[in-house]
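Next comes model-v9.cif, with mmCIF, C-alpha atoms and all ligand atoms.
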data_my_file
#
loop_
_atom_site.group_PDB
_atom_site.id
_atom_site.type_symbol
_atom_site.label_atom_id
_atom_site.label_comp_id
_atom_site.auth_asym_id
_atom_site.auth_seq_id
_atom_site.Cartn_x
_atom_site.Cartn_y
_atom_site.Cartn_z
ATOM 1 C CA MET A 1077 137.710 92.728 101.554
ATOM 2 C CA LYS A 1078 135.147 93.017 104.302
ATOM 3 C CA CYS A 1079 132.209 90.706 103.942
ATOM 4 C CA ARG A 1080 129.139 91.892 105.799
ATOM 5 C CA PRO A 1081 126.542 89.215 106.397
ATOM 6 C CA ASN A 1082 123.038 90.143 105.373
ATOM 7 C CA GLN A 1083 121.124 91.695 108.235
ATOM 8 C CA PRO A 1084 117.336 91.218 108.368
ATOM 9 C CA SER A 1085 116.946 94.936 107.704
ATOM 10 C CA ASP A 1086 118.709 94.563 104.338
ATOM 11 C CA TYR A 1087 115.374 93.195 103.217
ATOM 12 C CA ALA A 1088 112.314 95.373 102.873
ATOM 13 C CA LEU A 1089 110.184 92.271 103.094
ATOM 14 C CA GLU A 1090 110.913 88.727 104.112
ATOM 15 C CA THR A 1091 109.034 85.499 104.775
ATOM 16 C CA ARG A 1092 110.409 82.620 106.788
ATOM 17 C CA GLY A 1093 108.955 79.153 106.385
ATOM 18 C CA LEU A 1094 105.647 80.591 105.232
ATOM 19 C CA CYS A 1095 102.874 78.036 104.729
ATOM 20 C CA LYS A 1096 99.201 78.270 103.873
ATOM 21 C CA GLU A 1097 96.805 75.366 103.822
ATOM 22 C CA PHE A 1098 93.254 75.547 102.540
ATOM 23 C CA LEU A 1099 91.354 72.618 104.059
ATOM 24 C CA GLY A 1100 94.465 70.438 103.984
ATOM 25 C CA PHE A 1101 95.610 71.611 100.524
ATOM 26 C CA ARG A 1102 99.044 73.241 100.750
ATOM 27 C CA ALA A 1103 98.791 76.334 98.562
ATOM 28 C CA ILE A 1104 102.045 77.812 99.962
ATOM 29 C CA CYS A 1105 104.687 75.539 101.370
ATOM 30 C CA ASP A 1106 107.767 76.661 103.333
ATOM 31 C CA VAL A 1107 108.439 79.814 101.323
ATOM 32 C CA ASN A 1108 111.477 81.895 102.295
ATOM 33 C CA LEU A 1109 111.085 85.031 100.227
ATOM 34 C CA ARG A 1110 113.628 87.834 100.520
ATOM 35 C CA ILE A 1111 112.926 91.160 98.878
ATOM 36 C CA ARG A 1112 115.902 93.535 98.856
ATOM 37 C CA ARG A 1113 115.231 97.164 99.649
ATOM 38 C CA GLY A 1114 114.858 99.272 96.499
ATOM 39 C CA ASP A 1115 114.409 96.333 94.128
ATOM 40 C CA ILE A 1116 111.648 95.669 91.663
ATOM 41 C CA HIS A 1117 111.068 92.028 92.566
ATOM 42 C CA ALA A 1118 108.801 89.940 90.358
ATOM 43 C CA LEU A 1119 106.807 86.955 91.505
ATOM 44 C CA ILE A 1120 106.028 84.744 88.531
ATOM 45 C CA GLY A 1121 104.850 81.199 87.947
ATOM 46 C CA PRO A 1122 102.170 79.200 86.175
ATOM 47 C CA ASN A 1123 98.490 79.482 87.075
ATOM 48 C CA GLY A 1124 97.777 78.065 90.495
ATOM 49 C CA ALA A 1125 101.417 78.489 91.637
ATOM 50 C CA GLY A 1126 100.379 80.552 94.659
ATOM 51 C CA LYS A 1127 101.186 84.126 93.577
ATOM 52 C CA THR A 1128 97.873 85.645 94.634
ATOM 53 C CA THR A 1129 97.914 83.645 97.861
ATOM 54 C CA MET A 1130 101.390 85.066 98.606
ATOM 55 C CA PHE A 1131 100.103 88.625 98.120
ATOM 56 C CA ASN A 1132 97.082 87.817 100.292
ATOM 57 C CA LEU A 1133 99.368 86.451 102.999
ATOM 58 C CA LEU A 1134 101.733 89.424 102.880
ATOM 59 C CA THR A 1135 98.896 91.930 103.276
ATOM 60 C CA LYS A 1136 97.212 89.682 105.875
ATOM 61 C CA PHE A 1137 94.161 89.319 103.669
ATOM 62 C CA VAL A 1138 94.435 85.614 104.479
ATOM 63 C CA THR A 1139 95.943 84.203 107.664
ATOM 64 C CA ARG A 1140 99.053 82.074 107.344
ATOM 65 C CA SER A 1141 99.055 78.508 108.656
ATOM 66 C CA SER A 1142 102.654 78.776 109.873
ATOM 67 C CA GLY A 1143 105.806 80.821 109.338
ATOM 68 C CA ASP A 1144 106.745 84.466 109.804
ATOM 69 C CA ILE A 1145 106.475 87.693 107.806
ATOM 70 C CA LEU A 1146 108.913 90.557 108.370
ATOM 71 C CA LEU A 1147 108.610 94.115 107.086
ATOM 72 C CA ASN A 1148 111.896 96.004 107.354
ATOM 73 C CA GLY A 1149 113.086 93.402 109.820
ATOM 74 C CA ALA A 1150 110.032 93.864 112.086
ATOM 75 C CA ASP A 1151 107.785 90.869 112.658
ATOM 76 C CA ILE A 1152 104.341 91.662 111.237
ATOM 77 C CA THR A 1153 103.050 88.090 111.353
ATOM 78 C CA HIS A 1154 100.360 89.053 113.825
ATOM 79 C CA THR A 1155 99.810 92.653 112.737
ATOM 80 C CA PRO A 1156 96.169 93.222 111.761
ATOM 81 C CA PRO A 1157 95.530 93.908 108.053
ATOM 82 C CA ALA A 1158 94.282 97.437 108.753
ATOM 83 C CA SER A 1159 97.692 98.391 110.179
ATOM 84 C CA ILE A 1160 99.747 97.120 107.254
ATOM 85 C CA ALA A 1161 99.346 100.287 105.156
ATOM 86 C CA GLU A 1162 100.232 102.448 108.168
ATOM 87 C CA ARG A 1163 103.440 100.447 108.417
ATOM 88 C CA GLY A 1164 104.260 101.388 104.848
ATOM 89 C CA MET A 1165 103.198 98.400 102.751
ATOM 90 C CA VAL A 1166 100.377 99.060 100.291
ATOM 91 C CA ARG A 1167 98.823 96.795 97.720
ATOM 92 C CA SER A 1168 97.578 98.305 94.535
ATOM 93 C CA PHE A 1169 94.876 98.498 93.196
ATOM 94 C CA GLN A 1170 92.831 97.645 96.186
ATOM 95 C CA ILE A 1171 92.857 100.681 98.437
ATOM 96 C CA SER A 1172 92.999 103.084 95.554
ATOM 97 C CA ALA A 1173 90.005 102.332 93.351
ATOM 98 C CA ILE A 1174 89.358 105.643 91.648
ATOM 99 C CA PHE A 1175 86.184 107.692 91.443
ATOM 100 C CA PRO A 1176 85.350 107.862 87.716
ATOM 101 C CA GLU A 1177 83.239 111.047 87.895
ATOM 102 C CA MET A 1178 85.915 113.059 89.699
ATOM 103 C CA THR A 1179 88.933 114.914 88.362
ATOM 104 C CA ALA A 1180 92.423 113.440 88.496
ATOM 105 C CA LEU A 1181 93.359 116.017 91.151
ATOM 106 C CA ASP A 1182 90.346 115.310 93.376
ATOM 107 C CA ASN A 1183 91.004 111.579 93.194
ATOM 108 C CA VAL A 1184 94.503 112.082 94.563
ATOM 109 C CA LYS A 1185 93.257 114.539 97.201
ATOM 110 C CA ILE A 1186 90.759 111.964 98.437
ATOM 111 C CA ALA A 1187 93.567 109.434 98.812
ATOM 112 C CA LEU A 1188 95.621 112.015 100.728
ATOM 113 C CA GLN A 1189 92.662 112.734 102.986
ATOM 114 C CA LYS A 1190 92.344 109.030 103.712
ATOM 115 C CA ARG A 1191 95.944 108.942 104.799
ATOM 116 C CA HIS A 1192 95.504 112.021 106.937
ATOM 117 C CA GLY A 1193 92.323 110.528 108.399
ATOM 118 C CA LEU A 1194 90.093 113.309 107.127
ATOM 119 C CA SER A 1195 87.633 111.304 105.072
ATOM 120 C CA ARG A 1196 84.635 112.884 106.818
ATOM 121 C CA ARG A 1197 85.639 116.292 105.524
ATOM 122 C CA LEU A 1198 85.739 115.114 101.947
ATOM 123 C CA PHE A 1199 82.782 117.253 100.962
ATOM 124 C CA GLY A 1200 83.819 120.303 102.944
ATOM 125 C CA GLY A 1201 84.331 122.254 99.705
ATOM 126 C CA ALA A 1202 87.422 123.342 97.819
ATOM 127 C CA LYS A 1203 88.564 125.665 100.604
ATOM 128 C CA ALA A 1204 88.663 122.890 103.198
ATOM 129 C CA THR A 1205 91.019 120.787 101.088
ATOM 130 C CA ARG A 1206 93.152 123.478 99.436
ATOM 131 C CA HIS A 1207 96.085 122.664 101.721
ATOM 132 C CA LEU A 1208 96.335 119.293 99.939
ATOM 133 C CA ASP A 1209 96.639 120.813 96.456
ATOM 134 C CA ASP A 1210 100.440 121.026 96.384
ATOM 135 C CA GLU A 1211 100.978 117.493 97.645
ATOM 136 C CA ALA A 1212 98.376 116.122 95.203
ATOM 137 C CA MET A 1213 99.928 118.041 92.299
ATOM 138 C CA ALA A 1214 103.394 116.685 93.157
ATOM 139 C CA LEU A 1215 101.996 113.133 93.039
ATOM 140 C CA LEU A 1216 100.231 113.785 89.727
ATOM 141 C CA ALA A 1217 103.487 115.177 88.341
ATOM 142 C CA GLU A 1218 105.337 112.060 89.534
ATOM 143 C CA VAL A 1219 103.014 109.859 87.446
ATOM 144 C CA GLY A 1220 103.142 112.243 84.454
ATOM 145 C CA LEU A 1221 99.612 113.606 84.808
ATOM 146 C CA ALA A 1222 100.188 117.208 85.884
ATOM 147 C CA ALA A 1223 98.614 118.532 82.678
ATOM 148 C CA CYS A 1224 95.511 116.360 83.204
ATOM 149 C CA LYS A 1225 94.709 117.498 86.717
ATOM 150 C CA ASP A 1226 91.284 118.955 85.885
ATOM 151 C CA LEU A 1227 90.178 116.154 83.554
ATOM 152 C CA ILE A 1228 87.486 113.728 84.682
ATOM 153 C CA ALA A 1229 88.955 110.284 85.375
ATOM 154 C CA LYS A 1230 86.506 108.349 83.207
ATOM 155 C CA ASP A 1231 87.344 110.512 80.164
ATOM 156 C CA LEU A 1232 91.009 109.459 80.249
ATOM 157 C CA PRO A 1233 92.479 106.456 78.398
ATOM 158 C CA HIS A 1234 93.035 103.230 80.357
ATOM 159 C CA GLY A 1235 96.770 103.798 80.940
ATOM 160 C CA GLN A 1236 96.191 107.278 82.352
ATOM 161 C CA ARG A 1237 93.353 106.094 84.590
ATOM 162 C CA ARG A 1238 95.757 103.516 85.955
ATOM 163 C CA SER A 1239 98.307 106.306 86.431
ATOM 164 C CA ILE A 1240 95.747 108.093 88.645
ATOM 165 C CA GLU A 1241 95.458 104.880 90.648
ATOM 166 C CA PHE A 1242 99.229 104.893 91.022
ATOM 167 C CA ALA A 1243 99.163 108.490 92.252
ATOM 168 C CA ALA A 1244 96.385 107.616 94.712
ATOM 169 C CA THR A 1245 98.386 104.631 95.931
ATOM 170 C CA LEU A 1246 101.526 106.748 96.328
ATOM 171 C CA ALA A 1247 99.437 109.152 98.414
ATOM 172 C CA MET A 1248 99.502 106.426 101.089
ATOM 173 C CA ASP A 1249 103.276 106.992 101.188
ATOM 174 C CA PRO A 1250 104.263 103.324 100.837
ATOM 175 C CA HIS A 1251 107.867 102.173 101.045
ATOM 176 C CA VAL A 1252 106.818 98.712 99.870
ATOM 177 C CA LEU A 1253 104.346 98.543 97.020
ATOM 178 C CA LEU A 1254 102.691 95.287 95.940
ATOM 179 C CA LEU A 1255 101.434 95.424 92.365
ATOM 180 C CA ASP A 1256 98.912 92.862 91.266
ATOM 181 C CA GLU A 1257 98.984 92.522 87.464
ATOM 182 C CA PRO A 1258 99.293 96.248 86.795
ATOM 183 C CA THR A 1259 99.130 95.930 82.995
ATOM 184 C CA GLN A 1260 96.234 93.485 82.849
ATOM 185 C CA GLY A 1261 93.857 94.141 79.965
ATOM 186 C CA MET A 1262 96.008 96.861 78.391
ATOM 187 C CA GLY A 1263 97.157 97.454 74.839
ATOM 188 C CA ILE A 1264 100.874 97.688 73.984
ATOM 189 C CA GLU A 1265 101.128 101.469 74.345
ATOM 190 C CA ASP A 1266 99.536 101.499 77.775
ATOM 191 C CA VAL A 1267 101.667 98.535 78.855
ATOM 192 C CA ASP A 1268 104.816 100.502 77.942
ATOM 193 C CA LEU A 1269 103.509 103.590 79.746
ATOM 194 C CA ILE A 1270 102.816 101.645 82.944
ATOM 195 C CA ALA A 1271 106.119 99.736 82.776
ATOM 196 C CA ARG A 1272 108.021 103.039 82.513
ATOM 197 C CA LEU A 1273 105.960 104.466 85.349
ATOM 198 C CA ILE A 1274 106.699 101.495 87.634
ATOM 199 C CA LYS A 1275 110.402 101.882 86.903
ATOM 200 C CA LYS A 1276 110.200 105.592 87.702
ATOM 201 C CA ILE A 1277 108.342 105.263 90.996
ATOM 202 C CA SER A 1278 110.641 102.425 92.099
ATOM 203 C CA ALA A 1279 113.484 104.919 92.554
ATOM 204 C CA LYS A 1280 112.412 105.607 96.146
ATOM 205 C CA ARG A 1281 110.520 102.419 96.916
ATOM 206 C CA THR A 1282 110.581 98.638 96.948
ATOM 207 C CA ILE A 1283 108.193 97.013 94.513
ATOM 208 C CA VAL A 1284 106.869 93.449 94.441
ATOM 209 C CA ILE A 1285 105.043 92.714 91.219
ATOM 210 C CA VAL A 1286 102.896 89.847 89.977
ATOM 211 C CA GLU A 1287 102.621 90.236 86.231
ATOM 212 C CA HIS A 1288 101.791 87.847 83.419
ATOM 213 C CA ASN A 1289 103.493 89.938 80.746
ATOM 214 C CA LEU A 1290 107.003 88.474 80.857
ATOM 215 C CA LYS A 1291 108.332 91.200 78.574
ATOM 216 C CA VAL A 1292 107.472 93.738 81.256
ATOM 217 C CA ILE A 1293 109.181 91.559 83.880
ATOM 218 C CA ALA A 1294 112.275 91.183 81.660
ATOM 219 C CA ASN A 1295 112.446 94.961 81.168
ATOM 220 C CA ILE A 1296 111.967 96.282 84.669
ATOM 221 C CA SER A 1297 112.689 93.647 87.316
ATOM 222 C CA ASP A 1298 115.916 93.447 89.312
ATOM 223 C CA ARG A 1299 115.123 90.016 90.659
ATOM 224 C CA VAL A 1300 112.621 87.286 89.930
ATOM 225 C CA THR A 1301 111.222 84.536 92.134
ATOM 226 C CA VAL A 1302 109.522 81.683 90.305
ATOM 227 C CA LEU A 1303 106.807 79.914 92.255
ATOM 228 C CA ALA A 1304 105.432 76.514 91.287
ATOM 229 C CA ARG A 1305 102.982 74.423 93.310
ATOM 230 C CA GLY A 1306 103.311 76.747 96.277
ATOM 231 C CA ALA A 1307 107.115 76.588 96.569
ATOM 232 C CA ILE A 1308 110.068 78.570 95.223
ATOM 233 C CA LEU A 1309 111.343 76.855 92.096
ATOM 234 C CA ALA A 1310 114.039 79.334 91.078
ATOM 235 C CA GLU A 1311 115.372 82.803 91.844
ATOM 236 C CA GLY A 1312 117.693 85.259 90.169
ATOM 237 C CA SER A 1313 117.729 87.806 87.383
ATOM 238 C CA TYR A 1314 115.140 87.379 84.635
ATOM 239 C CA ASP A 1315 117.890 86.100 82.310
ATOM 240 C CA GLU A 1316 118.941 83.484 84.846
ATOM 241 C CA VAL A 1317 115.490 82.127 85.649
ATOM 242 C CA SER A 1318 114.315 82.178 82.038
ATOM 243 C CA LYS A 1319 117.196 79.852 81.118
ATOM 244 C CA ASN A 1320 116.420 77.482 83.986
ATOM 245 C CA ALA A 1321 115.190 74.147 82.643
ATOM 246 C CA ALA A 1322 112.971 73.475 85.694
ATOM 247 C CA VAL A 1323 111.231 76.837 85.134
ATOM 248 C CA THR A 1324 110.611 76.152 81.452
ATOM 249 C CA SER A 1325 109.204 72.721 82.161
ATOM 250 C CA ALA A 1326 106.969 74.032 84.996
ATOM 251 C CA TYR A 1327 105.419 76.523 82.549
ATOM 252 C CA ILE A 1328 105.066 73.910 79.815
ATOM 253 C CA GLY A 1329 103.710 71.349 82.303
ATOM 254 C CA ALA A 1330 101.121 73.830 83.562
ATOM 255 C CA ALA A 1331 100.069 74.685 80.003
ATOM 256 C CA HIS A 1332 99.352 71.005 79.353
ATOM 257 C CA ALA A 1333 97.747 70.260 82.734
HETATM 258 N N1 LIG A 1401 90.407 80.407 99.285
HETATM 259 C C1 LIG A 1401 90.893 79.276 98.754
HETATM 260 N N2 LIG A 1401 90.392 78.068 99.083
HETATM 261 C C2 LIG A 1401 90.892 76.939 98.560
HETATM 262 N N3 LIG A 1401 91.932 76.893 97.700
HETATM 263 C C3 LIG A 1401 92.474 78.069 97.330
HETATM 264 C C4 LIG A 1401 91.989 79.326 97.824
HETATM 265 N N4 LIG A 1401 92.752 80.310 97.275
HETATM 266 C C5 LIG A 1401 93.639 79.707 96.466
HETATM 267 N N5 LIG A 1401 93.478 78.366 96.497
HETATM 268 C C6 LIG A 1401 94.284 77.378 95.761
HETATM 269 O O1 LIG A 1401 95.649 77.630 95.999
HETATM 270 C C7 LIG A 1401 96.416 77.457 94.804
HETATM 271 C C8 LIG A 1401 97.156 78.740 94.483
HETATM 272 O O2 LIG A 1401 96.219 79.689 94.013
HETATM 273 P P1 LIG A 1401 96.635 81.196 93.646
HETATM 274 O O3 LIG A 1401 97.412 81.771 94.757
HETATM 275 O O4 LIG A 1401 95.394 81.899 93.230
HETATM 276 O O5 LIG A 1401 97.599 80.933 92.376
HETATM 277 P P2 LIG A 1401 98.118 81.977 91.285
HETATM 278 O O6 LIG A 1401 97.753 83.352 91.706
HETATM 279 O O7 LIG A 1401 99.593 81.742 91.191
HETATM 280 O O8 LIG A 1401 97.444 81.575 89.989
HETATM 281 C C9 LIG A 1401 95.439 77.023 93.719
HETATM 282 O O9 LIG A 1401 95.482 75.621 93.620
HETATM 283 C C10 LIG A 1401 94.106 77.506 94.245
HETATM 284 O O10 LIG A 1401 93.063 76.685 93.779
HETATM 285 MG MG MG A 1402 96.608 84.833 90.751
#

Can you turn what I pasted into C-alpha cells?
Amino acid sequence: MKCRPNQPSDYALETRGLCKEFLGFRAICDVNLRIRRGDIHALIGPNGAGKTTMFNLLTKFVTRSSGDILLNGADITHTPPASIAERGMVRSFQISAIFPEMTALDNVKIALQKRHGLSRRLFGGAKATRHLDDEAMALLAEVGLAACKDLIAKDLPHGQRRSIEFAATLAMDPHVLLLDEPTQGMGIEDVDLIARLIKKISAKRTIVIVEHNLKVIANISDRVTVLARGAILAEGSYDEVSKNAAVTSAYIGAAHA
C-alpha cells in the first residue's frame, strides 16, 4: 500500500510553533494546529485556555509573538488582517452583523455588494442591485430561508436571524469559516437548527468552531483540539478526547480554580 506523507496543502489551515505573549504572560504557547480540508474542527477547552486568542491570531486581529500561520499551505503570517477574507478565511459573526430593519434578502445582497466592492451603490435602488438577486436567493436557500426572503430581519426568531448572518458570511465566499460560539444564548430548538445548518454548509468548506455546547461538538465535529493554558492538551475525535483523563481533569480543575 502506498503511503503518501501529508503535504502542507492537505491542511486548510495550519499553525507552526505559534506563540502569543501579553506583557510577558504566555496566552498561546508553541501551538501546532492542523485543520484538515473539509473538516468541522472544534477548538475546546476551559475558560482562559486561549481559544479566543487563537481565533484572533488566525484572523490577524492580534499579532503573534512568534510562529507561523499557513492558509492552504501559503504563509499568511504577515498578511494584513484586511486581506484575510479575500484569501478565503472569514470569521463569523464579525463581518456579517445584520441590519435589523432590512429584509433577509437585502441583508444578503449587502454582503454580496461588500464582496464585489460596490458598497457605495448600496442605495442605488432595487434596479441597481437586481443582478445580485439570484446569488442572494441561492444563499438564502442554502441556509433554509428562501421562504423568508421578504421578512424584516428583526421580526424573525433568533435562530433564523443567525441563519441570515450565515448567509451573509457565505456571501464572502469563504473556504475556511471560523465560528465563534455560534449557538451562544440560544434555546434548544435554535441550537439544533444552527447545528444542522453548520453541518450542511460544511459540505463545501472547512469549519473551525469554538463552542461551549459540547453536545453540538459531539454531534457535528470531525476532529477536536483541546486547549488548556495556551497549549494543545489533546486531539482526536470527540469520543477520544472526552475519554482522555487529562482533558477531564483540566475541565474539573478550571471549574474549581
Ligand atoms: N488582550 C489581552 N491582554 C492580556 N491578557 C489577555 C488578553 N487577551 C487574552 N488574555 C489572556 O489570555 C488567556 C487566554 O484568554 P482567551 O483566549 O480569551 O481564553 P478563552 O477564549 O479560551 O476563554 C487568559 O488568561 C486571558 O486573560
Ligand atoms: Mg473565549

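Across the chains present, the PyMOL selection byres (((chain A and resi 1282) around 6) and not hetatm) applied to this file returns Arg1113, Gly1114, Asp1115, Val1252, Arg1281 and Ile1283 of chain A.
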
- request: Would you list the contacts of Ala1222 of chain A as a ChimeraX atom specification, taking every protein, DNA or RNA residue within 8 Å and counting only C-alpha atoms, but skipping same-chain residues closer than 6 positions in sequence?
  value: /A:1213-1214,1216

- prompt: On this structure, which residues satisfy the PyMOL selection byres (((chain A and resi 1160) around 12) and not hetatm), written as a ChimeraX atom specification?
  reply: /A:1132-1137,1145-1147,1150-1159,1161-1167,1171,1248,1250-1254

Output C-alpha atoms for every residue in the selection just made, as an mmCIF file, in the coordinates of the input.
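Full text of result25.cif as output:
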data_model
loop_
_atom_site.group_PDB
_atom_site.id
_atom_site.type_symbol
_atom_site.label_atom_id
_atom_site.label_comp_id
_atom_site.auth_asym_id
_atom_site.auth_seq_id
_atom_site.Cartn_x
_atom_site.Cartn_y
_atom_site.Cartn_z
ATOM 1 C CA ASN A 1132 97.082 87.817 100.292
ATOM 2 C CA LEU A 1133 99.368 86.451 102.999
ATOM 3 C CA LEU A 1134 101.733 89.424 102.880
ATOM 4 C CA THR A 1135 98.896 91.930 103.276
ATOM 5 C CA LYS A 1136 97.212 89.682 105.875
ATOM 6 C CA PHE A 1137 94.161 89.319 103.669
ATOM 7 C CA ILE A 1145 106.475 87.693 107.806
ATOM 8 C CA LEU A 1146 108.913 90.557 108.370
ATOM 9 C CA LEU A 1147 108.610 94.115 107.086
ATOM 10 C CA ALA A 1150 110.032 93.864 112.086
ATOM 11 C CA ASP A 1151 107.785 90.869 112.658
ATOM 12 C CA ILE A 1152 104.341 91.662 111.237
ATOM 13 C CA THR A 1153 103.050 88.090 111.353
ATOM 14 C CA HIS A 1154 100.360 89.053 113.825
ATOM 15 C CA THR A 1155 99.810 92.653 112.737
ATOM 16 C CA PRO A 1156 96.169 93.222 111.761
ATOM 17 C CA PRO A 1157 95.530 93.908 108.053
ATOM 18 C CA ALA A 1158 94.282 97.437 108.753
ATOM 19 C CA SER A 1159 97.692 98.391 110.179
ATOM 20 C CA ALA A 1161 99.346 100.287 105.156
ATOM 21 C CA GLU A 1162 100.232 102.448 108.168
ATOM 22 C CA ARG A 1163 103.440 100.447 108.417
ATOM 23 C CA GLY A 1164 104.260 101.388 104.848
ATOM 24 C CA MET A 1165 103.198 98.400 102.751
ATOM 25 C CA VAL A 1166 100.377 99.060 100.291
ATOM 26 C CA ARG A 1167 98.823 96.795 97.720
ATOM 27 C CA ILE A 1171 92.857 100.681 98.437
ATOM 28 C CA MET A 1248 99.502 106.426 101.089
ATOM 29 C CA PRO A 1250 104.263 103.324 100.837
ATOM 30 C CA HIS A 1251 107.867 102.173 101.045
ATOM 31 C CA VAL A 1252 106.818 98.712 99.870
ATOM 32 C CA LEU A 1253 104.346 98.543 97.020
ATOM 33 C CA LEU A 1254 102.691 95.287 95.940
#

- prompt: Taking all atoms listed in the file into account, which residues are within 12 Å of ligand MG 1402 (chain A), as a list in words?
  reply: Ala1103, Leu1119, Ile1120, Gly1121, Pro1122, Asn1123, Gly1124, Ala1125, Gly1126, Lys1127, Thr1128, Thr1129, Met1130, Phe1131, Asn1132, Leu1255, Asp1256, Glu1257, Gln1260, Ile1285, Val1286, Glu1287, His1288, Leu1303 and Gly1306 of chain A

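For the residues A:Arg1102, A:Lys1225, A:Arg1112, A:Arg1092, ranking by smallest atom-to-atom distance to ligand LIG 1401 (chain A) using all atoms listed in the file places A:Arg1102 first.
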
query: What does the distance between atom CA of Ser1313 of chain A and atom CA of Gln1236 of chain A come to in Å, to one decimal place?
result: 29.5 Å
